[in-house]
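Enquirer: Sharing coords-v4.txt here; it has compact mmCIF, C-alpha atoms.
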```txt
# COMPACT_ATOMS: atom_id res chain seq x y z
CA MET A 89 0.00 0.00 0.00
CA GLY A 90 1.17 3.52 -0.67
CA VAL A 91 3.91 4.88 -2.86
CA GLY A 92 7.68 4.86 -2.74
CA PRO A 93 10.05 7.82 -2.62
CA HIS A 94 9.17 10.65 -4.98
CA PRO A 95 11.65 10.88 -7.88
CA PRO A 96 13.63 14.11 -8.11
CA PRO A 97 13.15 16.89 -8.67
CA TRP A 98 10.62 17.26 -5.86
CA PRO A 99 7.56 19.46 -6.43
CA ASP A 100 7.73 22.92 -4.87
CA ASP A 101 4.60 22.69 -2.73
CA PRO A 102 4.46 23.71 0.96
CA ARG A 103 1.77 21.05 1.60
CA LEU A 104 4.29 18.28 0.94
CA ASP A 105 6.39 16.64 3.66
CA PRO A 106 10.11 16.29 2.76
CA GLU A 107 10.44 13.13 4.87
CA LEU A 108 7.57 11.47 3.00
CA LEU A 109 8.97 12.60 -0.34
CA ALA A 110 12.31 11.03 0.57
CA ALA A 111 11.07 7.79 2.17
CA GLY A 112 7.73 7.19 0.49
CA ASP A 113 4.18 7.47 1.79
CA ARG A 114 2.69 4.24 3.16
CA ARG A 115 -0.18 5.91 5.03
CA ASN A 116 -3.81 4.91 4.50
CA VAL A 117 -4.77 8.18 2.77
CA GLN A 118 -6.47 8.93 -0.52
CA ASP A 119 -4.08 9.24 -3.45
CA ARG A 120 -4.70 12.97 -3.75
CA TYR A 121 -3.08 13.35 -0.29
CA ARG A 122 0.08 11.39 -1.04
CA TYR A 123 3.17 13.04 0.45
CA TRP A 124 1.04 15.76 2.12
CA ARG A 125 1.75 16.89 5.68
CA VAL A 126 -0.93 15.90 8.21
CA GLU A 127 -1.70 19.57 8.91
CA ALA A 128 -2.19 20.23 5.19
CA ILE A 129 -4.60 17.29 4.88
CA VAL A 130 -6.64 18.50 7.86
CA ALA A 131 -6.74 22.03 6.45
CA ASP A 132 -7.99 20.72 3.12
CA LEU A 133 -10.63 18.50 4.76
CA ASP A 134 -11.80 21.50 6.80
CA THR A 135 -12.75 23.31 3.60
CA HIS A 136 -15.49 20.77 2.83
CA ARG A 137 -16.50 18.95 6.03
CA PHE A 138 -20.20 18.15 6.34
CA ASP A 139 -22.67 19.75 8.75
CA TYR A 140 -23.28 16.80 11.05
CA HIS A 141 -21.46 15.86 14.25
CA VAL A 142 -21.08 12.48 15.95
CA ALA A 143 -20.92 11.83 19.70
CA ILE A 144 -20.23 8.64 21.65
CA GLU A 145 -20.53 7.98 25.36
CA ASN A 146 -17.30 6.74 26.96
CA LEU A 147 -18.32 5.34 30.31
CA LYS A 148 -16.18 2.20 30.36
CA HIS A 149 -13.34 2.87 27.90
CA ASP A 150 -15.32 1.49 24.94
CA LEU A 151 -13.14 -0.01 22.19
CA ASN A 152 -15.71 1.00 19.55
CA ILE A 153 -14.85 4.69 19.82
CA GLY A 154 -11.85 4.24 17.54
CA SER A 155 -14.00 2.55 14.93
CA ILE A 156 -16.54 5.37 15.12
CA VAL A 157 -13.78 7.98 14.70
CA ARG A 158 -12.51 6.12 11.63
CA THR A 159 -16.01 6.02 10.11
CA ALA A 160 -16.59 9.69 10.95
CA ASN A 161 -13.39 10.49 9.06
CA ALA A 162 -14.49 8.39 6.09
CA PHE A 163 -17.85 10.20 5.99
CA LEU A 164 -16.25 13.61 6.77
CA ALA A 165 -18.17 14.50 9.94
CA ALA A 166 -17.53 17.99 11.26
CA GLU A 167 -16.42 16.70 14.66
CA VAL A 168 -16.50 13.66 16.91
CA HIS A 169 -17.47 14.27 20.54
CA VAL A 170 -16.41 11.91 23.31
CA VAL A 171 -18.75 12.17 26.30
CA GLY A 172 -17.61 10.94 29.71
CA ARG A 173 -14.10 9.63 30.20
CA ARG A 174 -11.51 11.68 28.36
CA ARG A 175 -9.19 8.77 27.51
CA TRP A 176 -10.28 6.33 24.82
CA ASN A 177 -8.65 3.48 22.92
CA ARG A 178 -7.30 4.95 19.69
CA ARG A 179 -6.26 1.62 18.17
CA GLY A 180 -9.50 1.16 16.21
CA ALA A 181 -9.16 4.65 14.71
CA MET A 182 -6.21 3.40 12.63
CA VAL A 183 -4.54 6.84 12.89
CA THR A 184 -7.58 8.65 11.43
CA ASP A 185 -7.88 10.62 14.69
CA ARG A 186 -5.02 12.74 13.32
CA TYR A 187 -7.33 14.00 10.57
CA GLN A 188 -10.57 14.26 12.55
CA HIS A 189 -11.53 17.00 15.01
CA ILE A 190 -12.30 15.41 18.37
CA ARG A 191 -13.83 17.27 21.29
CA HIS A 192 -14.34 16.04 24.86
CA HIS A 193 -17.36 16.72 27.10
CA PRO A 194 -17.40 15.54 30.71
CA ASP A 195 -21.10 14.66 30.66
CA PRO A 196 -24.24 14.75 28.49
CA GLU A 197 -25.26 18.14 29.89
CA ALA A 198 -22.01 19.67 28.60
CA LEU A 199 -22.67 18.07 25.20
CA GLN A 200 -26.18 19.55 25.23
CA GLU A 201 -24.76 22.98 26.03
CA PHE A 202 -22.38 22.72 23.08
CA ALA A 203 -25.12 21.51 20.73
CA ALA A 204 -27.44 24.34 21.77
CA SER A 205 -24.69 26.92 21.17
CA GLU A 206 -24.25 25.55 17.62
CA GLY A 207 -27.96 25.07 16.85
CA LEU A 208 -27.54 21.30 16.52
CA PRO A 209 -30.44 19.03 17.47
CA ILE A 210 -29.22 15.92 19.29
CA LEU A 211 -30.51 12.69 17.79
CA GLY A 212 -29.83 9.61 19.89
CA LEU A 213 -29.53 6.17 18.29
CA ASP A 214 -30.89 3.34 20.40
CA ASN A 215 -33.62 0.73 20.11
CA VAL A 216 -35.63 1.98 23.09
CA PRO A 217 -39.44 2.15 23.25
CA GLY A 218 -40.75 5.16 21.32
CA ALA A 219 -37.71 5.48 19.04
CA GLN A 220 -38.50 6.42 15.45
CA PRO A 221 -37.19 4.13 12.70
CA LEU A 222 -34.07 5.65 11.13
CA GLU A 223 -35.20 4.27 7.78
CA SER A 224 -38.27 6.52 7.70
CA VAL A 225 -36.78 9.78 9.04
CA SER A 226 -35.35 12.74 7.15
CA LEU A 227 -32.28 13.71 9.15
CA PRO A 228 -31.63 17.43 9.61
CA ARG A 229 -28.69 18.69 7.58
CA ARG A 230 -27.18 20.15 10.76
CA CYS A 231 -27.42 17.69 13.62
CA LEU A 232 -25.50 15.72 16.22
CA LEU A 233 -25.85 11.93 16.20
CA LEU A 234 -25.36 10.49 19.71
CA PHE A 235 -24.42 6.86 20.39
CA GLY A 236 -24.31 5.03 23.69
CA GLN A 237 -21.88 2.63 25.26
CA GLU A 238 -21.58 -0.82 23.71
CA GLY A 239 -23.97 -3.09 25.62
CA PRO A 240 -26.20 -0.80 27.70
CA GLY A 241 -26.78 1.75 24.91
CA LEU A 242 -27.58 5.37 25.70
CA SER A 243 -27.47 6.24 29.38
CA SER A 244 -30.57 7.76 30.98
CA GLU A 245 -28.65 11.05 31.23
CA SER A 246 -27.98 11.02 27.49
CA LEU A 247 -31.57 10.10 26.64
CA ARG A 248 -32.69 13.19 28.58
CA VAL A 249 -30.63 15.55 26.38
CA CYS A 250 -31.85 14.06 23.08
CA ASP A 251 -34.26 16.02 20.90
CA GLY A 252 -35.26 12.71 19.34
CA VAL A 253 -34.28 9.04 19.43
CA LEU A 254 -33.93 6.84 16.36
CA SER A 255 -33.66 3.08 16.02
CA ILE A 256 -32.24 0.85 13.29
CA ALA A 257 -34.51 -1.91 11.99
CA GLN A 258 -33.33 -5.42 12.81
CA PHE A 259 -34.82 -8.70 11.66
CA GLY A 260 -32.83 -11.47 13.32
CA SER A 261 -32.69 -12.87 16.84
CA THR A 262 -30.23 -10.42 18.39
CA ARG A 263 -31.57 -7.48 20.40
CA SER A 264 -28.93 -5.02 19.23
CA ILE A 265 -26.07 -4.52 16.80
CA ASN A 266 -22.55 -3.36 17.58
CA VAL A 267 -22.42 0.40 18.28
CA GLY A 268 -19.66 0.86 15.70
CA ALA A 269 -21.88 -0.76 13.06
CA ALA A 270 -24.89 1.31 14.19
CA ALA A 271 -22.83 4.50 13.92
CA ALA A 272 -21.71 3.57 10.39
CA ILE A 273 -25.32 2.94 9.34
CA ALA A 274 -26.52 6.24 10.80
CA MET A 275 -23.68 8.27 9.28
CA HIS A 276 -24.22 6.67 5.89
CA THR A 277 -27.93 7.47 6.17
CA TRP A 278 -26.97 11.14 6.64
CA ILE A 279 -24.58 10.89 3.68
CA ARG A 280 -27.26 9.38 1.43
CA GLN A 281 -29.69 12.16 2.34
CA HIS A 282 -27.36 15.17 2.24
CA ALA A 283 -23.96 14.61 0.60
CA THR A 284 -23.64 15.85 -2.95
```
Write the structure described by the file as C-alpha cells, please.

Expert:
Amino acid sequence: MGVGPHPPPWPDDPRLDPELLAAGDRRNVQDRYRYWRVEAIVADLDTHRFDYHVAIENLKHDLNIGSIVRTANAFLAAEVHVVGRRRWNRRGAMVTDRYQHIRHHPDPEALQEFAASEGLPILGLDNVPGAQPLESVSLPRRCLLLFGQEGPGLSSESLRVCDGVLSIAQFGSTRSINVGAAAAIAMHTWIRQHAT
C-alpha cells in the first residue's frame, strides 16, 4: 500500500512533507493526499467537512470509539465528541484521529450545552421504546448523532438531552447490533440524504 520515494526533482509545494517525499508514503490516505503533511490534509478536509457531528458515550473505555472515529473520518463528519471519560482506545481509529476534530465533554449536559450553542439538534440512536425508525426519518442537515456505550446503549442522562431518538430496523434474533456498526449505518444514512 502507498507509494515509494518521490523521484527528483521534488515538487515545490508547501503542503508536501520532505520526509515522505524522501522515504515514500505508506499511510492509508487517498491518493490525492500522497506526500502531504498531516496539517495540510486537515486544512484541506476542513474546507469541505459536512454539517453533522457524531458523539459517543465513553463510560467504560469502549473499544468501539476508535472505529466510530474512523467512520466519521471516512464520511467527513464535522467533529467527533467523546462524552464521559476523556481517555479512549485509539487503536481502532487506525490513525484517522489525526485527521478528525475530536472534542471532549465531561457529561451529556455539557454536550447539550455545546449543541445548543451551535444550533444542533441531538438525535440519539438506540432501540428503546418510542424510538423512530431511522429508515423513515429525514435527518436534519445540521445535527448531532449520539451513540451510547456498547452493551447498555444510551445512558438515561444522554436520553434526557436528546431532541429525538432513532432506532435501526433489525430482523434477526439479536436485540442489538454493535455500536460501531450502528454509527456507520446512521452516518451513511446522513450521507445518502445530504452529501452531494

Enquirer: Restricting the calculation to only C-alpha atoms, which member of A:Trp98, A:Phe235, A:Tyr121, A:Phe163 is positioned closest to Thr277 in chain A?

Expert: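 Smallest separation from Thr277 in chain A among the options: A:Phe163.
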
Enquirer: Record the distance separating CA of Asp214 in chain A and CA of Val170 in chain A, expressed in Å with one decimal.

Expert: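 Interatomic distance, CA of Asp214 in chain A to CA of Val170 in chain A: 17.1 Å.
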
Enquirer: With distances taken over all atoms listed in the file, which residue among A:Pro228, A:Gly236, A:Gly154, A:Pro221 lies nearest His282 in chain A?

Expert: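 Nearest candidate to His282 in chain A out of A:Pro228, A:Gly236, A:Gly154, A:Pro221: A:Pro228.
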
Enquirer: From the options A:Ser264, A:Glu145, A:Tyr123, A:Arg115, which residue's atoms come nearest to Pro99 in chain A, counting all atoms listed in the file?

Expert: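 Checking each of A:Ser264, A:Glu145, A:Tyr123, A:Arg115 against Pro99 in chain A, counting all atoms listed in the file, the winner is A:Tyr123.
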
Enquirer: Would you kindly identify which residues have an atom no farther than 12 Å from (-17.8, 1.7, 15.8), using only C-alpha atoms and the file's own coordinates, and write them out as a ChimeraX atom specification?

Expert: /A:142-145,150-161,177-181,235-238,265-275

Enquirer: May I have the selected residues written with C-alpha atoms, as an mmCIF file, keeping the file's coordinate frame?

Expert:
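This is the output file result_2.cif:
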```cif
data_model
loop_
_atom_site.group_PDB
_atom_site.id
_atom_site.type_symbol
_atom_site.label_atom_id
_atom_site.label_comp_id
_atom_site.auth_asym_id
_atom_site.auth_seq_id
_atom_site.Cartn_x
_atom_site.Cartn_y
_atom_site.Cartn_z
ATOM 1 C CA VAL A 142 -21.080 12.480 15.950
ATOM 2 C CA ALA A 143 -20.920 11.830 19.700
ATOM 3 C CA ILE A 144 -20.230 8.640 21.650
ATOM 4 C CA GLU A 145 -20.530 7.980 25.360
ATOM 5 C CA ASP A 150 -15.320 1.490 24.940
ATOM 6 C CA LEU A 151 -13.140 -0.010 22.190
ATOM 7 C CA ASN A 152 -15.710 1.000 19.550
ATOM 8 C CA ILE A 153 -14.850 4.690 19.820
ATOM 9 C CA GLY A 154 -11.850 4.240 17.540
ATOM 10 C CA SER A 155 -14.000 2.550 14.930
ATOM 11 C CA ILE A 156 -16.540 5.370 15.120
ATOM 12 C CA VAL A 157 -13.780 7.980 14.700
ATOM 13 C CA ARG A 158 -12.510 6.120 11.630
ATOM 14 C CA THR A 159 -16.010 6.020 10.110
ATOM 15 C CA ALA A 160 -16.590 9.690 10.950
ATOM 16 C CA ASN A 161 -13.390 10.490 9.060
ATOM 17 C CA ASN A 177 -8.650 3.480 22.920
ATOM 18 C CA ARG A 178 -7.300 4.950 19.690
ATOM 19 C CA ARG A 179 -6.260 1.620 18.170
ATOM 20 C CA GLY A 180 -9.500 1.160 16.210
ATOM 21 C CA ALA A 181 -9.160 4.650 14.710
ATOM 22 C CA PHE A 235 -24.420 6.860 20.390
ATOM 23 C CA GLY A 236 -24.310 5.030 23.690
ATOM 24 C CA GLN A 237 -21.880 2.630 25.260
ATOM 25 C CA GLU A 238 -21.580 -0.820 23.710
ATOM 26 C CA ILE A 265 -26.070 -4.520 16.800
ATOM 27 C CA ASN A 266 -22.550 -3.360 17.580
ATOM 28 C CA VAL A 267 -22.420 0.400 18.280
ATOM 29 C CA GLY A 268 -19.660 0.860 15.700
ATOM 30 C CA ALA A 269 -21.880 -0.760 13.060
ATOM 31 C CA ALA A 270 -24.890 1.310 14.190
ATOM 32 C CA ALA A 271 -22.830 4.500 13.920
ATOM 33 C CA ALA A 272 -21.710 3.570 10.390
ATOM 34 C CA ILE A 273 -25.320 2.940 9.340
ATOM 35 C CA ALA A 274 -26.520 6.240 10.800
ATOM 36 C CA MET A 275 -23.680 8.270 9.280
#
```

Enquirer: Calculated over all atoms listed in the file, which of the candidates A:Leu108, A:Leu242, A:Tyr187, A:Pro97 has the smallest distance to Ile129 in chain A?

Expert: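 Checking each of A:Leu108, A:Leu242, A:Tyr187, A:Pro97 against Ile129 in chain A, counting all atoms listed in the file, the winner is A:Tyr187.
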
Enquirer: May I have the protein, DNA and RNA residues with any atom at most 12 Å from the point (2.0, 10.3, 5.5), counting only C-alpha atoms, written as a ChimeraX atom specification?

Expert: /A:89-93,103-129,183-184,186-187

Enquirer: Near range 198-207 of chain A, within 10 Å and counting all atoms listed in the file, which residues show up once chain neighbours fewer than 5 positions away are dropped, as a PyMOL selection string?

Expert: chain A and resi 141+143+169-172+191-193+230-232+234+246+248-251

Enquirer: Could you tell me how far CA of Glu223 in chain A sits from CA of Gln258 in chain A, in Å to one decimal place?

Expert: 11.1 Å

Enquirer: By how many Å are CA of Thr262 in chain A and CA of Tyr140 in chain A apart?

Expert: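 So the two atoms, CA of Thr262 in chain A and CA of Tyr140 in chain A, lie 29.0 Å apart.
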
Enquirer: Go through A:Pro95, A:Met182, A:Pro217, A:His189 and flag the residue nearest Arg137 in chain A, using all atoms listed in the file for the distances.

Expert: A:His189

Enquirer: From the options A:Gly260, A:Gly241, A:Pro194, A:Gly252, which residue's atoms come nearest to Ile210 in chain A, counting all atoms listed in the file?

Expert: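 Looking only at the distances to Ile210 in chain A, the closest residue turns out to be A:Gly252.
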